[in-house]
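S.K.: Starting off with a structure, shown below.
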Amino acid sequence: MKKLNLMLLVFLCCLLSVASVLAQNATVKGTVTNKTDGQPVPLVNVVTQVAGETRGAQTDYDGNYSLDLPPGNYTLEFSCIGFSAEKVEQLLEEGDVVTLDMLLPENAELLDVVVVSGSKFEKRVSEETVSLEVIPPSLVENANNVRVDEAVEKVPGVSVIDGQANIRGGSGYSYGAGSRVMLLMDDLPILTGDAGFPNWDFLPIENLEQVEVIKGAASALYGSAALNGIINLRTAYPKSEPESKVAAFTQVWQNPRNNEVPRVDENGEPVLDEEGNQIIDKKSWWGEQFPIATGFSAAHRQKFGQLDFVGGINAYGDDSWRRSQFTRRIRGNANLRYRATPNISVGLNTNIQVNTSSSFLIWNGDGVDAYTLWDATPRIINKSFKLTLDPFVEYFTESGFRVKYLGRYYKADNKNNTNQSTLSDLYYSEIQAQKRWEDISLVLTGGVVGQLSTVEAELYGNQTLSASNIGVYLQADKKFFDKLNVSAGFRFERNEIEGDKEAKPVGRLGLNYELAEYTFLRASVGQGYRFPTIAERYVETQLGNVDVGINVPVGIFPNPDLQSETGWSAELGIKQGIGLGEWKGFIDISGFINEYNDMMEFTFGVDEALLQLDIVQDIYPGLDTTVIDLGGQAAGFQSLNIGDTRIVGGEISVAGKGKLFGFPTTMLAGYTYIVPKFQEFDRVQEMLSSVDYNVLKYRFRHTAKIDIQTDIKRVGIGLSLQHTSRMEAIDQAFNVFLPGIQEFRDRNDGGTSLVDLRFLYSPNDNDKFSFLVRNLFNVEYALRPALIDAPRSFTLKYARNF
């Protein structure tokens, strides 16, 4: 009994002590909203100092916070990435419950643009430890880019060759399979499950928030395909007021430059008609019916209580300047996010597309024939259906802990008339946990990832194949002395294709130091890793036949023995904020090195059996090593481990916005120089290449770009310039076996310079009319051999926001 009384006495004392402490405390609470649009701002840090210790809270999805403090006079700081921090003095007395609402102004300077791709959480672009560029939606809309790759090509150091992204020379030409650049949509992979190919037209560009581009190895965070970098399209969510927009355009291509071509025979002699006049052929096979494209898009974003809705539709059709090529597609998307509680949100994002098109792989020759499909290949009509379903759940606490589940199901069903159909299904799941300690400026992010791809395909020898990936990652981001940002990450993943298993670790380390106000010095090194895709190992199809004295089949051949590639990249750079009156921006200068071991690339070559024939001995004189094992007297593409490579280079970029000489002006410009080489250049590599010196194939040593727009009252004038130097080396067999390539390259050996113009007129705040001219000087060019690019075109566009 005495023990029981003693326990009761102790319990009552504890209860009184707690009540006494609580009675002494005060509470400050409120809502933080965006000063610009009145929308609640989540994840705002509300911090103060109590006896030398940091105390704080974080706003929930509705912008609400609550913080218990002892009585006293406090300086409360409200801060959030993308907003200017605000401080306020607040006196709290015992037992007070004070409501303190806050309006945070957006920070519009480019150095404070918010990105997530570099660290998997919101961060200022100026504090990133890697090169990261941001494409705003205004640039995409003003230039009438109908696919994301058209916008990405404006980024310094980035080029897209026949659908494959190439960052700083890290990739060459790959026939629709394998990518060293990871394409993401809302932080989730959107490469096809079988080929690892980016379907740029599938991305919902009409609901774009921004595009983020990381240059350099990002495998530690994003896995195998991020060996050369990532491109992340982030879709927008609704604000406090509903937003809708519609747009429609028509584009017409003109006749090519030097349209009339005198006909000559195989000996170069004029071919005459019955009246003795030389016959004149025209590249413009379309006559008076010019090639045309039309498009329409609509999007709507709105909040319905706790439910966020984003929806869009996009329709596009064209009859190309390339004969027999056309596209008809329609796409719809809907994003739903429900804020079940102030700290929990669930949602489902969907994207669906139906497409009918024809393929154009190789032209029929130089001159007039460049606009016509190679007569040795059949016309391929594709009918495709694509679907993504993305469920997600996110939970976070006021103490800075966040956990989320991200999922994606991606179906790609491609049917055609040439027995090359594929049906692939990709299942992706990720569980990510993150903890933020504001008092010590530390963020830890970790996760577990699983991916399964299955494919049934005529294109892979009528086989049913599968591939899987399991990975774990951990990254720490720490800020020292309020100036030095340190980012370190590690990933371990296991890949498997048809019983072939492999596991590898990769890591990364980055530093960013604020040397002075608006001056940021960075250095980073990251490992990369890429496992072969199903297509790279098992694709098998015939493209046609070519006559070189004998009938030689040309196709794409499998390589089941293809091995994975590894590599690393390092960069040293400085980002300097600049200001010219009201025009603010930055200049970024960097040097980089990328190394790849056992680099995988599609190579166009010939089988040794074909080389033994006297008629083709002059193609590779003196070569006594098998070039490509194609199983007989054949030529074509095959994915190979071509050796160890190194790419060294430098880059300078400038971006800014604001009033320049009194007129609102935006600009994105840059120049990139690379030296792409084999680490050891041997006889086989020399014979495969069209040049006899050490340089990687399908690269541009020099690229320069600028996009600038100035608004004069309600009129906007935009200019885009792009220059690429000559592609020095291609596959030598390309020159020999495919028609017209050598002749075209000999005539166009000075690189390619393109100029686009745009004129915009806004009679009011809601309507905009645009007139665009692409390829102003009607340059005839082919960035990828045997695929002619577009002549000059004119576009009329109307857009309305309401």
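Within each chain, counting starts at residue 1; across the structure tokens, chains are named A, B, ... in the order shown, with ligands numbered 1 upward in that order.
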With a distance cut-off of 8 Å and only C-alpha atoms, select the neighbouring residues of Phe249 of chain A, excluding the residue or stretch itself and same-chain residues fewer than 4 positions from it, and output the selection as a list of chain:residue names.

M.R.: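 Answer for this query is A:Thr294, A:Gly295, A:Phe296, A:Thr795, A:Leu796, A:Lys797, A:Tyr798.
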
S.K.: Considering only C-alpha atoms, state which residue in the set A:Arg328, A:Arg800, A:Arg408, A:Arg402 is at the smallest distance from Asn382 of chain A.

M.R.: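 Going through A:Arg328, A:Arg800, A:Arg408, A:Arg402 one by one, the smallest distance to Asn382 of chain A is for A:Arg328.
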
S.K.: Hey, which of A:Glu780, A:Asp186, A:Asp425, A:Asp281 ends up closest to Thr235 of chain A? Count only C-alpha atoms.

M.R.: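 Using only C-alpha atoms, the shortest distance to Thr235 of chain A belongs to A:Asp186.
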
S.K.: From segment 513-760 of chain A, collect each residue whose DSSP state is alpha helix (DSSP H) and return the set as number ranges by chain.

M.R.: A: 534-538, 608-611, 683-688, 732-737, 741-747

S.K.: Closest to Thr192 of chain A among A:Val50, A:Ile231, A:Leu426, A:Ile167, using only C-alpha atoms?

M.R.: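 Distance minimum relative to Thr192 of chain A lands on A:Leu426.
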
S.K.: Neighbouring residues of Tyr338 of chain A were defined as those with any atom within 12 Å, considering only C-alpha atoms; residues of the same chain fewer than 5 positions away were excluded. Please report them as number ranges by chain.

M.R.: A: 61-62, 237, 303-310, 343-349, 391-394

S.K.: Those same residues - C-alpha atoms - I'd like them written as a short mmCIF file (atom, residue, chain, number, x, y, z; two decimals), in the first residue's frame.

M.R.:
```
data_model
loop_
_atom_site.label_atom_id
_atom_site.label_comp_id
_atom_site.auth_asym_id
_atom_site.auth_seq_id
_atom_site.Cartn_x
_atom_site.Cartn_y
_atom_site.Cartn_z
CA TYR A 61 0.14 21.16 -47.67
CA ASP A 62 -2.32 23.91 -46.68
CA TYR A 237 0.07 21.61 -60.54
CA LYS A 303 -8.27 22.92 -57.26
CA PHE A 304 -11.52 21.34 -56.04
CA GLY A 305 -11.20 21.61 -52.29
CA GLN A 306 -8.52 19.12 -51.31
CA LEU A 307 -8.34 17.68 -54.84
CA ASP A 308 -5.86 19.03 -57.42
CA PHE A 309 -6.71 18.34 -61.07
CA VAL A 310 -4.55 18.80 -64.15
CA ASN A 343 0.45 15.95 -44.14
CA ILE A 344 -0.67 13.17 -46.49
CA SER A 345 -1.31 13.31 -50.22
CA VAL A 346 -2.21 10.52 -52.64
CA GLY A 347 -2.63 10.66 -56.37
CA LEU A 348 -2.68 9.07 -59.78
CA ASN A 349 -1.18 10.52 -62.97
CA PRO A 391 0.22 6.10 -58.45
CA PHE A 392 1.92 7.92 -55.58
CA VAL A 393 1.59 8.50 -51.85
CA GLU A 394 3.50 11.13 -49.85
#
```

S.K.: Pick out the closest residue to Met600 of chain A from this set: A:Asn314, A:Asn25, A:Ser131, A:Ser174. Count only C-alpha atoms.

M.R.: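 Smallest separation from Met600 of chain A among the options: A:Ser174.
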
S.K.: Any idea what's packed within 7 Å of Arg494 of chain A, counting only C-alpha atoms, ignoring anything in its chain fewer than 3 positions away? Could you give it as a PDB file with all heavy atoms, in the first residue's frame?

M.R.:
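Okay, around05.pdb is ready:
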```
ATOM      1  N   ASN A 469      15.690  -4.809 -62.694  1.00  0.00           N
ATOM      2  CA  ASN A 469      16.667  -3.964 -62.012  1.00  0.00           C
ATOM      3  C   ASN A 469      16.195  -3.737 -60.588  1.00  0.00           C
ATOM      4  O   ASN A 469      15.036  -3.410 -60.350  1.00  0.00           O
ATOM      5  CB  ASN A 469      16.819  -2.627 -62.749  1.00  0.00           C
ATOM      6  CG  ASN A 469      17.629  -1.606 -61.968  1.00  0.00           C
ATOM      7  OD1 ASN A 469      17.127  -0.975 -61.054  1.00  0.00           O
ATOM      8  ND2 ASN A 469      18.878  -1.444 -62.351  1.00  0.00           N
ATOM      9  N   ILE A 470      17.099  -3.924 -59.631  1.00  0.00           N
ATOM     10  CA  ILE A 470      16.829  -3.624 -58.235  1.00  0.00           C
ATOM     11  C   ILE A 470      17.970  -2.744 -57.729  1.00  0.00           C
ATOM     12  O   ILE A 470      19.149  -3.059 -57.950  1.00  0.00           O
ATOM     13  CB  ILE A 470      16.737  -4.898 -57.376  1.00  0.00           C
ATOM     14  CG1 ILE A 470      15.584  -5.778 -57.864  1.00  0.00           C
ATOM     15  CG2 ILE A 470      16.547  -4.551 -55.897  1.00  0.00           C
ATOM     16  CD1 ILE A 470      15.513  -7.112 -57.154  1.00  0.00           C
ATOM     17  N   GLY A 471      17.635  -1.647 -57.069  1.00  0.00           N
ATOM     18  CA  GLY A 471      18.676  -0.734 -56.608  1.00  0.00           C
ATOM     19  C   GLY A 471      18.337  -0.114 -55.265  1.00  0.00           C
ATOM     20  O   GLY A 471      17.159   0.020 -54.894  1.00  0.00           O
ATOM     21  N   GLU A 502      24.121  -9.152 -63.110  1.00  0.00           N
ATOM     22  CA  GLU A 502      25.305  -8.339 -62.816  1.00  0.00           C
ATOM     23  C   GLU A 502      24.929  -7.302 -61.765  1.00  0.00           C
ATOM     24  O   GLU A 502      23.826  -6.738 -61.797  1.00  0.00           O
ATOM     25  CB  GLU A 502      25.808  -7.638 -64.083  1.00  0.00           C
ATOM     26  CG  GLU A 502      27.073  -6.838 -63.881  1.00  0.00           C
ATOM     27  CD  GLU A 502      27.569  -6.224 -65.183  1.00  0.00           C
ATOM     28  OE1 GLU A 502      27.064  -5.154 -65.552  1.00  0.00           O
ATOM     29  OE2 GLU A 502      28.436  -6.834 -65.839  1.00  0.00           O
ATOM     30  N   ALA A 503      25.850  -7.047 -60.830  1.00  0.00           N
ATOM     31  CA  ALA A 503      25.614  -6.057 -59.786  1.00  0.00           C
ATOM     32  C   ALA A 503      26.835  -5.154 -59.666  1.00  0.00           C
ATOM     33  O   ALA A 503      27.972  -5.635 -59.726  1.00  0.00           O
ATOM     34  CB  ALA A 503      25.321  -6.733 -58.451  1.00  0.00           C
ATOM     35  N   LYS A 504      26.586  -3.853 -59.512  1.00  0.00           N
ATOM     36  CA  LYS A 504      27.689  -2.898 -59.414  1.00  0.00           C
ATOM     37  C   LYS A 504      27.308  -1.748 -58.486  1.00  0.00           C
ATOM     38  O   LYS A 504      26.156  -1.332 -58.442  1.00  0.00           O
ATOM     39  CB  LYS A 504      28.058  -2.325 -60.782  1.00  0.00           C
ATOM     40  CG  LYS A 504      28.815  -3.282 -61.689  1.00  0.00           C
ATOM     41  CD  LYS A 504      29.299  -2.577 -62.934  1.00  0.00           C
ATOM     42  CE  LYS A 504      30.008  -3.557 -63.868  1.00  0.00           C
ATOM     43  NZ  LYS A 504      31.255  -4.059 -63.261  1.00  0.00           N
TER      44      LYS A 504
END
```

S.K.: For a test of reading the model, state the distance in Å between atom CA of Asp644 of chain A and atom CA of Ile362 of chain A, rounded to one decimal.

M.R.: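 Computed distance, atom CA of Asp644 of chain A to atom CA of Ile362 of chain A, equals 29.2 Å.
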